[in-house]
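Undergrad: The following file, final_17.pdb, comprises PDB, C-alpha atoms and all ligand atoms:
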MODEL        1
ATOM      1  CA  MET J   1     -39.867 -39.808  16.013
ATOM      2  CA  CYS J   2     -41.095 -39.814  12.603
ATOM      3  CA  ARG J   3     -42.191 -42.319  10.155
ATOM      4  CA  VAL J   4     -42.521 -41.173   6.645
ATOM      5  CA  LEU J   5     -43.706 -43.505   4.012
ATOM      6  CA  SER J   6     -43.276 -43.058   0.349
ATOM      7  CA  CYS J   7     -40.534 -40.523   0.473
ATOM      8  CA  ARG J   8     -39.836 -41.024  -3.144
ATOM      9  CA  ASN J   9     -37.445 -39.280  -5.411
ATOM     10  CA  GLN J  10     -34.401 -38.325  -3.487
ATOM     11  CA  LEU J  11     -34.916 -40.906  -0.869
ATOM     12  CA  HIS J  12     -35.103 -43.582  -3.418
ATOM     13  CA  ARG J  13     -31.993 -42.374  -5.076
ATOM     14  CA  ILE J  14     -30.151 -42.724  -1.862
ATOM     15  CA  MET J  15     -31.756 -45.725  -0.390
ATOM     16  CA  VAL J  16     -32.484 -47.639  -3.520
ATOM     17  CA  ARG J  17     -36.196 -48.115  -3.798
ATOM     18  CA  ARG J  18     -37.108 -48.627  -0.287
ATOM     19  CA  ARG J  19     -40.045 -47.454   1.593
ATOM     20  CA  PHE J  20     -38.801 -45.424   4.424
ATOM     21  CA  LEU J  21     -39.970 -45.868   7.868
ATOM     22  CA  CYS J  22     -38.880 -42.809   9.662
ATOM     23  CA  SER J  23     -39.574 -44.434  12.918
ATOM     24  CA  PHE J  24     -37.372 -44.513  15.901
ATOM     25  CA  VAL J  25     -34.787 -46.915  16.653
ATOM     26  CA  VAL J  26     -36.384 -49.308  18.944
ATOM     27  CA  THR J  27     -34.217 -48.219  21.720
ATOM     28  CA  PRO J  28     -34.781 -49.292  25.172
ATOM     29  CA  PHE J  29     -36.428 -46.826  27.337
ATOM     30  CA  ILE J  30     -37.597 -49.083  30.066
ATOM     31  CA  LEU J  31     -40.870 -50.711  29.464
ATOM     32  CA  ILE J  32     -43.199 -49.494  32.064
ATOM     33  CA  LEU J  33     -46.884 -49.648  31.627
ATOM     34  CA  GLY J  34     -49.070 -46.893  30.601
ATOM     35  CA  THR J  35     -48.579 -44.044  28.280
ATOM     36  CA  VAL J  36     -51.010 -41.260  28.135
ATOM     37  CA  LEU J  37     -49.742 -39.866  24.932
ATOM     38  CA  ALA J  38     -52.347 -40.683  22.435
ATOM     39  CA  SER J  39     -53.268 -39.958  18.939
ATOM     40  CA  GLY J  40     -56.795 -39.378  17.971
ATOM     41  CA  HIS J  41     -57.953 -38.942  14.500
ATOM     42  CA  GLU J  42     -60.839 -36.766  15.340
ATOM     43  CA  GLY J  43     -61.232 -33.746  13.208
ATOM     44  CA  THR J  44     -59.070 -34.657  10.307
ATOM     45  CA  HIS J  45     -57.711 -31.561   8.755
ATOM     46  CA  PRO J  46     -57.494 -31.429   5.025
ATOM     47  CA  GLY J  47     -53.884 -30.368   5.217
ATOM     48  CA  GLY J  48     -52.841 -28.852   1.967
ATOM     49  CA  SER J  49     -51.470 -25.416   1.519
ATOM     50  CA  SER J  50     -52.027 -23.789   4.799
ATOM     51  CA  GLU J  51     -51.250 -20.166   5.001
ATOM     52  CA  GLU J  52     -53.669 -20.111   7.870
ATOM     53  CA  PRO J  53     -52.797 -21.592  11.223
ATOM     54  CA  LEU J  54     -54.932 -24.498  12.228
ATOM     55  CA  LYS J  55     -57.112 -24.376  15.258
ATOM     56  CA  SER J  56     -54.514 -25.083  17.830
ATOM     57  CA  ARG J  57     -55.304 -25.832  21.428
ATOM     58  CA  VAL J  58     -52.815 -26.188  24.213
ATOM     59  CA  ASP J  59     -53.198 -26.094  27.944
ATOM     60  CA  ILE J  60     -50.202 -26.005  30.260
ATOM     61  CA  GLU J  61     -50.689 -25.885  33.977
ATOM     62  CA  ILE J  62     -48.996 -26.810  37.187
ATOM     63  CA  GLU J  63     -50.731 -29.394  39.297
ATOM     64  CA  GLY J  64     -48.960 -30.566  42.385
ATOM     65  CA  ASP J  65     -45.430 -31.575  41.532
ATOM     66  CA  PHE J  66     -46.107 -31.708  37.833
ATOM     67  CA  ARG J  67     -46.580 -29.519  34.852
ATOM     68  CA  LEU J  68     -49.391 -30.934  32.763
ATOM     69  CA  ILE J  69     -49.529 -30.293  29.064
ATOM     70  CA  GLU J  70     -52.553 -31.114  26.992
ATOM     71  CA  ALA J  71     -52.757 -30.194  23.362
ATOM     72  CA  ASN J  72     -54.400 -31.091  20.114
ATOM     73  CA  GLY J  73     -51.123 -31.008  18.207
ATOM     74  CA  LEU J  74     -52.235 -28.567  15.547
ATOM     75  CA  PRO J  75     -49.723 -25.848  14.696
ATOM     76  CA  ASP J  76     -50.661 -22.318  15.668
ATOM     77  CA  HIS J  77     -48.538 -20.848  12.919
ATOM     78  CA  GLN J  78     -48.196 -21.014   9.201
ATOM     79  CA  HIS J  79     -46.846 -24.316   8.067
ATOM     80  CA  GLY J  80     -45.822 -26.042   4.934
ATOM     81  CA  GLN J  81     -48.070 -27.857   2.561
ATOM     82  CA  PHE J  82     -48.944 -31.322   3.713
ATOM     83  CA  PRO J  83     -49.123 -33.729   2.134
ATOM     84  CA  ASN J  84     -46.290 -32.893  -0.183
ATOM     85  CA  ARG J  85     -44.165 -34.885  -2.570
ATOM     86  CA  ARG J  86     -41.842 -36.071   0.131
ATOM     87  CA  ASN J  87     -44.216 -36.237   3.042
ATOM     88  CA  PRO J  88     -47.514 -37.749   1.989
ATOM     89  CA  HIS J  89     -49.426 -37.153   5.208
ATOM     90  CA  SER J  90     -51.986 -34.617   6.291
ATOM     91  CA  ILE J  91     -51.969 -32.852   9.607
ATOM     92  CA  THR J  92     -54.672 -34.133  11.882
ATOM     93  CA  THR J  93     -55.825 -33.458  15.389
ATOM     94  CA  GLN J  94     -54.008 -35.337  18.126
ATOM     95  CA  ARG J  95     -54.754 -35.820  21.757
ATOM     96  CA  TYR J  96     -51.640 -35.190  23.738
ATOM     97  CA  ALA J  97     -51.545 -35.425  27.484
ATOM     98  CA  TYR J  98     -48.065 -35.128  28.867
ATOM     99  CA  ARG J  99     -46.720 -34.379  32.236
ATOM    100  CA  VAL J 100     -43.270 -33.354  33.371
ATOM    101  CA  PRO J 101     -41.836 -32.559  36.781
ATOM    102  CA  ALA J 102     -42.541 -28.968  37.698
ATOM    103  CA  LYS J 103     -39.239 -28.854  39.536
ATOM    104  CA  PRO J 104     -36.988 -31.102  37.528
ATOM    105  CA  GLU J 105     -33.778 -32.478  38.889
ATOM    106  CA  THR J 106     -30.706 -33.711  37.143
ATOM    107  CA  ALA J 107     -30.137 -37.437  37.296
ATOM    108  CA  SER J 108     -26.981 -39.297  38.157
ATOM    109  CA  ARG J 109     -26.558 -40.369  34.583
ATOM    110  CA  LEU J 110     -27.782 -39.318  31.184
ATOM    111  CA  THR J 111     -30.748 -40.907  29.481
ATOM    112  CA  TYR J 112     -30.417 -41.112  25.728
ATOM    113  CA  LEU J 113     -33.385 -40.384  23.563
ATOM    114  CA  GLY J 114     -35.000 -43.501  22.259
ATOM    115  CA  ARG J 115     -37.955 -43.668  19.955
ATOM    116  CA  SER J 116     -40.019 -41.134  21.842
ATOM    117  CA  PRO J 117     -40.315 -37.359  21.518
ATOM    118  CA  PHE J 118     -37.772 -35.233  23.314
ATOM    119  CA  GLY J 119     -40.310 -32.748  24.548
ATOM    120  CA  ILE J 120     -43.123 -30.487  23.579
ATOM    121  CA  ALA J 121     -43.260 -26.875  22.511
ATOM    122  CA  THR J 122     -45.324 -24.264  24.279
ATOM    123  CA  ASN J 123     -47.719 -24.400  21.348
ATOM    124  CA  GLY J 124     -48.340 -28.111  21.826
ATOM    125  CA  ILE J 125     -46.198 -29.461  18.993
ATOM    126  CA  PRO J 126     -43.756 -32.246  19.890
ATOM    127  CA  PHE J 127     -40.016 -31.956  19.442
ATOM    128  CA  ASP J 128     -39.290 -35.261  17.830
ATOM    129  CA  PRO J 129     -35.862 -35.255  16.174
ATOM    130  CA  GLY J 130     -35.145 -38.896  15.537
ATOM    131  CA  THR J 131     -35.627 -40.886  12.401
ATOM    132  CA  ALA J 132     -35.267 -44.517  11.577
ATOM    133  CA  GLU J 133     -34.085 -44.047   8.076
ATOM    134  CA  TYR J 134     -31.231 -46.450   8.055
ATOM    135  CA  TRP J 135     -28.510 -47.075   5.639
ATOM    136  CA  GLN J 136     -29.822 -49.748   3.279
ATOM    137  CA  ASN J 137     -32.968 -49.745   5.348
ATOM    138  CA  ASP J 138     -31.149 -51.855   7.866
ATOM    139  CA  PRO J 139     -31.506 -50.850  11.513
ATOM    140  CA  ASP J 140     -28.732 -53.284  12.345
ATOM    141  CA  SER J 141     -26.337 -51.351  10.188
ATOM    142  CA  GLY J 142     -25.885 -48.850  12.969
ATOM    143  CA  TRP J 143     -26.101 -45.965  10.507
ATOM    144  CA  ARG J 144     -29.158 -43.796  10.871
ATOM    145  CA  TYR J 145     -29.923 -40.865   8.609
ATOM    146  CA  GLU J 146     -30.298 -37.411  10.044
ATOM    147  CA  ALA J 147     -33.446 -35.636   8.942
ATOM    148  CA  LEU J 148     -31.943 -32.177   8.577
ATOM    149  CA  ALA J 149     -28.507 -33.052   7.300
ATOM    150  CA  GLY J 150     -29.493 -32.382   3.720
ATOM    151  CA  GLN J 151     -28.881 -35.863   2.397
ATOM    152  CA  ILE J 152     -32.465 -36.959   2.486
ATOM    153  CA  ASP J 153     -35.526 -34.854   1.958
ATOM    154  CA  LEU J 154     -38.351 -35.697   4.285
ATOM    155  CA  GLY J 155     -40.497 -32.809   3.198
ATOM    156  CA  VAL J 156     -39.958 -30.599   6.199
ATOM    157  CA  ASP J 157     -41.291 -27.070   6.130
ATOM    158  CA  GLU J 158     -39.684 -23.801   7.160
ATOM    159  CA  SER J 159     -40.186 -24.676  10.797
ATOM    160  CA  HIS J 160     -38.262 -27.913  10.266
ATOM    161  CA  ALA J 161     -41.430 -29.855  10.788
ATOM    162  CA  HIS J 162     -43.404 -32.439   8.930
ATOM    163  CA  VAL J 163     -46.104 -34.999   9.514
ATOM    164  CA  GLN J 164     -46.272 -38.573  10.728
ATOM    165  CA  PRO J 165     -48.544 -41.162   9.151
ATOM    166  CA  ASN J 166     -50.895 -40.638  12.094
ATOM    167  CA  GLY J 167     -51.133 -36.954  11.244
ATOM    168  CA  ALA J 168     -48.864 -35.658  13.987
ATOM    169  CA  TYR J 169     -47.076 -32.491  12.978
ATOM    170  CA  HIS J 170     -43.693 -32.432  14.742
ATOM    171  CA  TYR J 171     -40.473 -30.489  14.824
ATOM    172  CA  HIS J 172     -37.099 -31.875  13.821
ATOM    173  CA  GLY J 173     -35.310 -28.623  14.506
ATOM    174  CA  LEU J 174     -35.825 -25.003  15.377
ATOM    175  CA  PRO J 175     -39.512 -24.058  15.130
ATOM    176  CA  THR J 176     -38.882 -20.951  13.098
ATOM    177  CA  ALA J 177     -42.468 -19.766  12.976
ATOM    178  CA  LEU J 178     -42.890 -20.205  16.718
ATOM    179  CA  VAL J 179     -39.734 -18.179  17.345
ATOM    180  CA  ALA J 180     -41.058 -15.441  15.087
ATOM    181  CA  ALA J 181     -44.443 -15.498  16.809
ATOM    182  CA  LEU J 182     -42.695 -15.014  20.128
ATOM    183  CA  GLY J 183     -40.992 -11.896  18.838
ATOM    184  CA  GLY J 184     -37.722 -13.352  17.665
ATOM    185  CA  ASN J 185     -34.616 -14.416  19.487
ATOM    186  CA  SER J 186     -32.412 -11.412  18.859
ATOM    187  CA  GLU J 187     -33.085  -9.498  22.052
ATOM    188  CA  LYS J 188     -34.449 -11.968  24.541
ATOM    189  CA  MET J 189     -34.119 -15.551  25.492
ATOM    190  CA  LEU J 190     -37.113 -17.494  24.275
ATOM    191  CA  LEU J 191     -38.695 -20.345  26.158
ATOM    192  CA  LEU J 192     -39.864 -22.730  23.439
ATOM    193  CA  GLY J 193     -41.063 -25.678  25.437
ATOM    194  CA  TYR J 194     -40.317 -28.385  27.937
ATOM    195  CA  ALA J 195     -38.305 -31.529  27.669
ATOM    196  CA  ALA J 196     -39.770 -34.810  28.861
ATOM    197  CA  ASP J 197     -37.676 -34.525  32.011
ATOM    198  CA  GLY J 198     -39.200 -31.137  32.813
ATOM    199  CA  PHE J 199     -36.266 -28.890  32.042
ATOM    200  CA  PRO J 200     -37.072 -25.926  29.802
ATOM    201  CA  ILE J 201     -36.027 -25.664  26.173
ATOM    202  CA  TYR J 202     -34.776 -22.380  24.753
ATOM    203  CA  ALA J 203     -34.030 -20.896  21.356
ATOM    204  CA  PRO J 204     -30.404 -20.764  20.174
ATOM    205  CA  ARG J 205     -29.483 -17.374  21.561
ATOM    206  CA  ALA J 206     -28.865 -17.296  25.295
ATOM    207  CA  TYR J 207     -26.979 -15.139  27.754
ATOM    208  CA  ALA J 208     -23.298 -14.922  26.932
ATOM    209  CA  ASP J 209     -22.648 -15.094  30.649
ATOM    210  CA  SER J 210     -24.924 -17.867  31.787
ATOM    211  CA  ASP J 211     -25.314 -16.321  35.242
ATOM    212  CA  ASP J 212     -25.905 -12.772  34.102
ATOM    213  CA  ALA J 213     -29.313 -11.863  32.737
ATOM    214  CA  GLN J 214     -27.900  -8.499  31.734
ATOM    215  CA  SER J 215     -25.290  -9.990  29.466
ATOM    216  CA  GLU J 216     -25.807  -9.907  25.744
ATOM    217  CA  LEU J 217     -27.333 -12.773  23.859
ATOM    218  CA  LYS J 218     -25.050 -15.130  22.054
ATOM    219  CA  GLU J 219     -25.859 -17.998  19.745
ATOM    220  CA  MET J 220     -25.120 -21.207  21.551
ATOM    221  CA  LYS J 221     -22.975 -23.734  19.765
ATOM    222  CA  SER J 222     -23.272 -27.414  20.419
ATOM    223  CA  SER J 223     -20.218 -29.434  21.351
ATOM    224  CA  TYR J 224     -20.884 -32.015  18.676
ATOM    225  CA  ARG J 225     -18.573 -32.154  15.714
ATOM    226  CA  LEU J 226     -18.217 -34.249  12.625
ATOM    227  CA  LYS J 227     -15.895 -37.125  13.148
ATOM    228  CA  GLU J 228     -12.733 -36.909  11.161
ATOM    229  CA  GLY J 229     -11.808 -39.256   8.387
ATOM    230  CA  ASN J 230     -13.863 -41.969   6.814
ATOM    231  CA  ARG J 231     -16.464 -44.342   8.096
ATOM    232  CA  SER J 232     -14.946 -47.682   8.788
ATOM    233  CA  THR J 233     -18.145 -49.639   8.291
ATOM    234  CA  GLY J 234     -21.519 -49.388   6.608
ATOM    235  CA  PRO J 235     -21.809 -46.673   4.029
ATOM    236  CA  GLN J 236     -18.061 -45.996   4.049
ATOM    237  CA  GLY J 237     -17.008 -42.605   2.759
ATOM    238  CA  ARG J 238     -16.317 -39.465   4.661
ATOM    239  CA  HIS J 239     -18.151 -38.550   7.827
ATOM    240  CA  ASP J 240     -20.217 -35.907   6.104
ATOM    241  CA  GLY J 241     -23.031 -35.595   8.612
ATOM    242  CA  SER J 242     -25.617 -37.636   6.777
ATOM    243  CA  PHE J 243     -25.856 -40.049   9.646
ATOM    244  CA  THR J 244     -26.271 -39.571  13.358
ATOM    245  CA  GLU J 245     -23.171 -41.664  13.787
ATOM    246  CA  ASP J 246     -21.100 -39.149  11.843
ATOM    247  CA  TYR J 247     -21.091 -36.882  14.862
ATOM    248  CA  GLU J 248     -19.265 -37.041  18.123
ATOM    249  CA  TYR J 249     -19.428 -35.093  21.310
ATOM    250  CA  ILE J 250     -16.290 -33.269  22.282
ATOM    251  CA  GLU J 251     -16.455 -31.859  25.740
ATOM    252  CA  GLU J 252     -16.329 -28.088  25.808
ATOM    253  CA  ALA J 253     -15.937 -27.855  22.052
ATOM    254  CA  GLY J 254     -18.911 -25.521  22.113
ATOM    255  CA  ASP J 255     -21.094 -23.820  24.669
ATOM    256  CA  LEU J 256     -23.284 -26.768  25.542
ATOM    257  CA  ASP J 257     -22.939 -30.150  27.159
ATOM    258  CA  GLU J 258     -23.709 -33.563  25.758
ATOM    259  CA  CYS J 259     -27.408 -32.953  26.259
ATOM    260  CA  ASN J 260     -27.152 -29.665  24.384
ATOM    261  CA  GLY J 261     -27.832 -27.783  27.555
ATOM    262  CA  ARG J 262     -26.252 -25.648  30.211
ATOM    263  CA  THR J 263     -27.072 -24.196  33.600
ATOM    264  CA  GLY J 264     -27.847 -20.563  34.156
ATOM    265  CA  VAL J 265     -30.449 -17.909  34.700
ATOM    266  CA  THR J 266     -33.269 -17.320  32.245
ATOM    267  CA  PRO J 267     -36.226 -14.953  32.188
ATOM    268  CA  GLU J 268     -38.469 -17.716  33.525
ATOM    269  CA  TYR J 269     -35.883 -19.073  35.952
ATOM    270  CA  PRO J 270     -34.176 -16.025  37.443
ATOM    271  CA  GLU J 271     -32.664 -18.171  40.165
ATOM    272  CA  GLY J 272     -31.080 -20.409  37.600
ATOM    273  CA  SER J 273     -31.884 -23.804  36.144
ATOM    274  CA  TYR J 274     -30.507 -26.371  33.829
ATOM    275  CA  TYR J 275     -31.937 -25.762  30.372
ATOM    276  CA  TYR J 276     -31.705 -27.164  26.879
ATOM    277  CA  VAL J 277     -30.970 -25.198  23.755
ATOM    278  CA  LEU J 278     -32.055 -25.885  20.212
ATOM    279  CA  THR J 279     -29.101 -25.298  17.934
ATOM    280  CA  GLU J 280     -28.709 -24.415  14.287
ATOM    281  CA  GLY J 281     -26.552 -27.480  13.721
ATOM    282  CA  PHE J 282     -26.460 -31.012  15.041
ATOM    283  CA  PRO J 283     -28.103 -32.173  17.177
ATOM    284  CA  TRP J 284     -30.689 -29.433  16.477
ATOM    285  CA  ILE J 285     -32.881 -30.940  19.167
ATOM    286  CA  PRO J 286     -31.121 -32.653  22.075
ATOM    287  CA  ARG J 287     -30.700 -36.404  22.004
ATOM    288  CA  ALA J 288     -30.110 -36.983  25.671
ATOM    289  CA  PHE J 289     -31.718 -36.007  28.938
ATOM    290  CA  LYS J 290     -30.022 -34.515  31.923
ATOM    291  CA  GLY J 291     -32.932 -35.521  34.106
ATOM    292  CA  SER J 292     -35.393 -38.377  33.970
ATOM    293  CA  PRO J 293     -37.926 -38.243  31.139
ATOM    294  CA  ASP J 294     -41.489 -38.858  32.182
ATOM    295  CA  LEU J 295     -43.177 -41.964  30.921
ATOM    296  CA  SER J 296     -46.034 -39.940  29.508
ATOM    297  CA  PHE J 297     -43.708 -39.222  26.580
ATOM    298  CA  LYS J 298     -42.959 -42.806  25.932
ATOM    299  CA  ARG J 299     -44.160 -43.936  22.572
ATOM    300  CA  ARG J 300     -45.468 -47.421  22.348
ATOM    301  CA  GLY J 301     -46.969 -49.525  19.680
ATOM    302  CA  PRO J 302     -45.343 -50.321  16.379
ATOM    303  CA  ALA J 303     -42.263 -48.364  15.535
ATOM    304  CA  GLY J 304     -43.256 -45.116  14.023
ATOM    305  CA  GLY J 305     -46.889 -45.901  14.326
ATOM    306  CA  GLY J 306     -47.441 -43.358  16.970
ATOM    307  CA  PRO J 307     -48.812 -43.765  20.397
ATOM    308  CA  GLY J 308     -51.467 -46.117  21.477
ATOM    309  CA  PRO J 309     -54.963 -45.321  22.574
ATOM    310  CA  ARG J 310     -55.526 -42.788  25.209
ATOM    311  CA  GLY J 311     -55.435 -44.481  28.510
ATOM    312  CA  ASN J 312     -56.482 -43.387  31.848
ATOM    313  CA  ARG J 313     -56.000 -39.741  32.480
ATOM    314  CA  ARG J 314     -53.640 -40.160  35.318
ATOM    315  CA  PRO J 315     -50.106 -40.034  33.979
ATOM    316  CA  PRO J 316     -47.858 -42.941  34.763
ATOM    317  CA  PRO J 317     -44.765 -42.787  36.933
ATOM    318  CA  PRO J 318     -41.629 -41.292  35.449
ATOM    319  CA  PHE J 319     -39.118 -43.130  33.392
ATOM    320  CA  ARG J 320     -36.449 -44.859  35.256
ATOM    321  CA  ASN J 321     -33.121 -43.624  34.213
ATOM    322  CA  ASP J 322     -31.209 -46.749  33.601
ATOM    323  CA  ARG J 323     -30.697 -47.045  29.947
ATOM    324  CA  PRO J 324     -27.167 -48.230  29.291
ATOM    325  CA  PRO J 325     -24.765 -45.648  27.967
ATOM    326  CA  ARG J 326     -24.618 -45.214  24.257
ATOM    327  CA  PRO J 327     -21.640 -46.943  22.711
TER     328      PRO J 327
HETATM  329 ZN    ZN U 401     -40.282 -36.705  11.410
ENDMDL
END
Kindly transcribe the structure held in the file into structure tokens.
Ligand SMILES: [Zn+2]

TA:
Amino acid sequence: MCRVLSCRNQLHRIMVRRRFLCSFVVTPFILILGTVLASGHEGTHPGGSSEEPLKSRVDIEIEGDFRLIEANGLPDHQHGQFPNRRNPHSITTQRYAYRVPAKPETASRLTYLGRSPFGIATNGIPFDPGTAEYWQNDPDSGWRYEALAGQIDLGVDESHAHVQPNGAYHYHGLPTALVAALGGNSEKMLLLGYAADGFPIYAPRAYADSDDAQSELKEMKSSYRLKEGNRSTGPQGRHDGSFTEDYEYIEEAGDLDECNGRTGVTPEYPEGSYYYVLTEGFPWIPRAFKGSPDLSFKRRGPAGGGPGPRGNRRPPPPFRNDRPPRP
């Protein structure tokens, strides 16, 4: 999720002098106590033009049935200048402590992404695609702006990332610099991170034959498409992709399912696994879980304000997977 204040200029043109809260829709992941995700403000980084990677720290290890991920949230690659005109926040150190199932399982129903991050990259940066930039700044309008659709400029850098008010650098789309650091996605599938439900997240190019690790790589296409015709409510006009609600899932329209994933073999899962794919187009980062997201990813506190204080080290029980289906 992101919350970006003072996104002037273009934002104001579109949204008519409003201060944008790029926070998440307050969507109902079940309220269960205890989130470990925490933001510290230790070691404030000056931000600014950073050609140099910050001092990133990430630790990923298996412990029992879980994969534990601790990180300080600082990018380990070149990043854009923060603050910038459209994202007035500096990158600061975070204290992330997530856990996901080491052997994730699909659930009986999908869980749609609420106001929490979708997952975390192997370099410790969250995948956090949602916004709460609403048409006329009205969450009840049902029309939420998409960060990468080109209609609003939230100051993202070349890795499709920017910074929350609490200093959390986060990805809204493909982490270009991370892909490059891993050697590129032209000849091998790239594991980029883990979703909150424990399934792995890969770069756009995956095996053309999902069960054949010898098959060539092919860019995966999502099965989301722009709706046809005009919006019947809210902003009216053509479904041009500015809003999340401009898109619809059409089964088998692309290579991926509603969660922007598929099942198959990967370098890290030679026996096969469900996995998510980041795509070049909507949804960029998946908006639904095939499994059950762990509560350690749940964001609490004021919308967009980031996580609460670091609690006890022991991660809470997983999310329950009973959010009602999206209309
Ligand atoms: Zn954001």

Undergrad: From the options J:Thr233, J:Ser222, J:Ser116, J:Ser273, which residue's atoms come nearest to ligand ZN 401 (chain U), counting all atoms listed in the file?

TA: J:Ser116

Undergrad: Go ahead and compute the interatomic distance for atom CA of J:Glu146 and atom CA of J:Arg85, in Å to one decimal.

TA: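 About the pair atom CA of J:Glu146 and atom CA of J:Arg85: they are 18.9 Å apart.
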
Undergrad: Please measure the separation of atom CA of J:Arg262 and atom CA of J:Tyr276, giving the value in Å to one decimal.

TA: 6.6 Å

Undergrad: Residues within 9 Å of (-18.1, -26.7, 13.8), file coordinates, counting only C-alpha atoms: what are they? Give the list as a PDB file with C-alpha atoms, in the frame of the given file.

TA:
ATOM      1  CA  LYS J 221     -22.975 -23.734  19.765  1.00  0.00           C
ATOM      2  CA  SER J 222     -23.272 -27.414  20.419  1.00  0.00           C
ATOM      3  CA  SER J 223     -20.218 -29.434  21.351  1.00  0.00           C
ATOM      4  CA  TYR J 224     -20.884 -32.015  18.676  1.00  0.00           C
ATOM      5  CA  ARG J 225     -18.573 -32.154  15.714  1.00  0.00           C
ATOM      6  CA  LEU J 226     -18.217 -34.249  12.625  1.00  0.00           C
ATOM      7  CA  ALA J 253     -15.937 -27.855  22.052  1.00  0.00           C
ATOM      8  CA  GLY J 254     -18.911 -25.521  22.113  1.00  0.00           C
ATOM      9  CA  GLY J 281     -26.552 -27.480  13.721  1.00  0.00           C
TER      10      GLY J 281
END

Undergrad: Excluding J:Tyr134 and residues on its chain fewer than 6 positions from it, collect all residues at most 7 Å away from it, counting only C-alpha atoms, and give them as a VMD selection string.

TA: chain J and resid 143 to 145

Undergrad: Find the residues with any atom within 8 Å of (-47.3, -17.6, 12.5); use all atoms listed in the file and the coordinates as given in the file, and write the answer as a ChimeraX atom specification.

TA: /J:53,76-78,177-178,180-181

Undergrad: Just checking: using only C-alpha atoms and all ligand atoms, which residue out of J:Gly155, J:Gly193, J:Pro293, J:Pro101 ends up closest to ligand ZN 401 (chain U)?

TA: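 Going through J:Gly155, J:Gly193, J:Pro293, J:Pro101 one by one, the smallest distance to ligand ZN 401 (chain U) is for J:Gly155.
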
Undergrad: Residue by residue, what does the PyMOL selection byres (((chain J and resi 197) around 7) and not hetatm) grab here? Present the result as a list in words.

TA: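 For this structure, the PyMOL selection byres (((chain J and resi 197) around 7) and not hetatm) resolves to Val100, Pro101, Pro104, Ala195, Ala196, Gly198, Phe199, Phe289, Gly291, Ser292, Pro293 and Asp294 of chain J.
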
Undergrad: Calculate how many Å separate atom CA of J:Ser242 from atom CA of J:Asp153, rounding to one decimal.

TA: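 It comes out at 11.4 Å.
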
Undergrad: Select, from J:Ile250, J:Phe297, J:Gly241, J:Pro200, the residue with the minimum atom-to-atom distance to J:Tyr275, counting only C-alpha atoms.

TA: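 Distance minimum relative to J:Tyr275 lands on J:Pro200.
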
Undergrad: Which residue out of J:Glu258, J:Arg86, J:Leu182, J:Glu271 has the minimum interatomic distance to J:Thr111 when all atoms listed in the file are used?

TA: J:Glu258

Undergrad: So what does the PyMOL selection byres (((chain J and resi 227) around 9) and not hetatm) actually pick up in this one, as a list in words?

TA: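 With the PyMOL selection byres (((chain J and resi 227) around 9) and not hetatm) on this model, the match is Arg225, Leu226, Glu228, Gly229, Asn230, Arg231, Arg238, His239, Asp240, Gly241, Glu245, Asp246, Tyr247 and Glu248 of chain J.
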
Undergrad: Could you tell me which residues the PyMOL selection byres (((chain J and resi 117-123) around 9) and not hetatm) returns for this structure, as a PyMOL selection string?

TA: chain J and resi 1+56-60+69+71+73-76+98+113-116+124-130+171+175+178+191-198+201+285-289+293+297-299

Undergrad: Between J:Glu280, J:Glu133, J:Glu268, J:Glu219, which residue has the minimum interatomic distance to ligand ZN 401 (chain U), considering all atoms listed in the file?

TA: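 With all atoms listed in the file as the atom set, the closest residue is J:Glu133.
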
Undergrad: Near J:Leu190, counting all atoms listed in the file, which residues have an atom at most 10 Å away, once you skip same-chain residues fewer than 2 positions from it, shown as a tab-separated table (two decimals) with C-alpha atoms, keeping the file's coordinate frame?

TA:
chain	number	residue	atom	x	y	z
J	178	LEU	CA	-42.89	-20.20	16.72
J	179	VAL	CA	-39.73	-18.18	17.34
J	182	LEU	CA	-42.70	-15.01	20.13
J	183	GLY	CA	-40.99	-11.90	18.84
J	184	GLY	CA	-37.72	-13.35	17.66
J	185	ASN	CA	-34.62	-14.42	19.49
J	186	SER	CA	-32.41	-11.41	18.86
J	187	GLU	CA	-33.08	-9.50	22.05
J	188	LYS	CA	-34.45	-11.97	24.54
J	192	LEU	CA	-39.86	-22.73	23.44
J	193	GLY	CA	-41.06	-25.68	25.44
J	201	ILE	CA	-36.03	-25.66	26.17
J	202	TYR	CA	-34.78	-22.38	24.75
J	203	ALA	CA	-34.03	-20.90	21.36
J	204	PRO	CA	-30.40	-20.76	20.17
J	205	ARG	CA	-29.48	-17.37	21.56
J	206	ALA	CA	-28.86	-17.30	25.30
J	266	THR	CA	-33.27	-17.32	32.24
J	267	PRO	CA	-36.23	-14.95	32.19
J	268	GLU	CA	-38.47	-17.72	33.52
J	277	VAL	CA	-30.97	-25.20	23.76

Undergrad: May I ask which of the residues J:Asn72, J:Ser210, J:Asn166, J:Thr106 is the closest one to ligand ZN 401 (chain U), counting all atoms listed in the file?

TA: J:Asn166
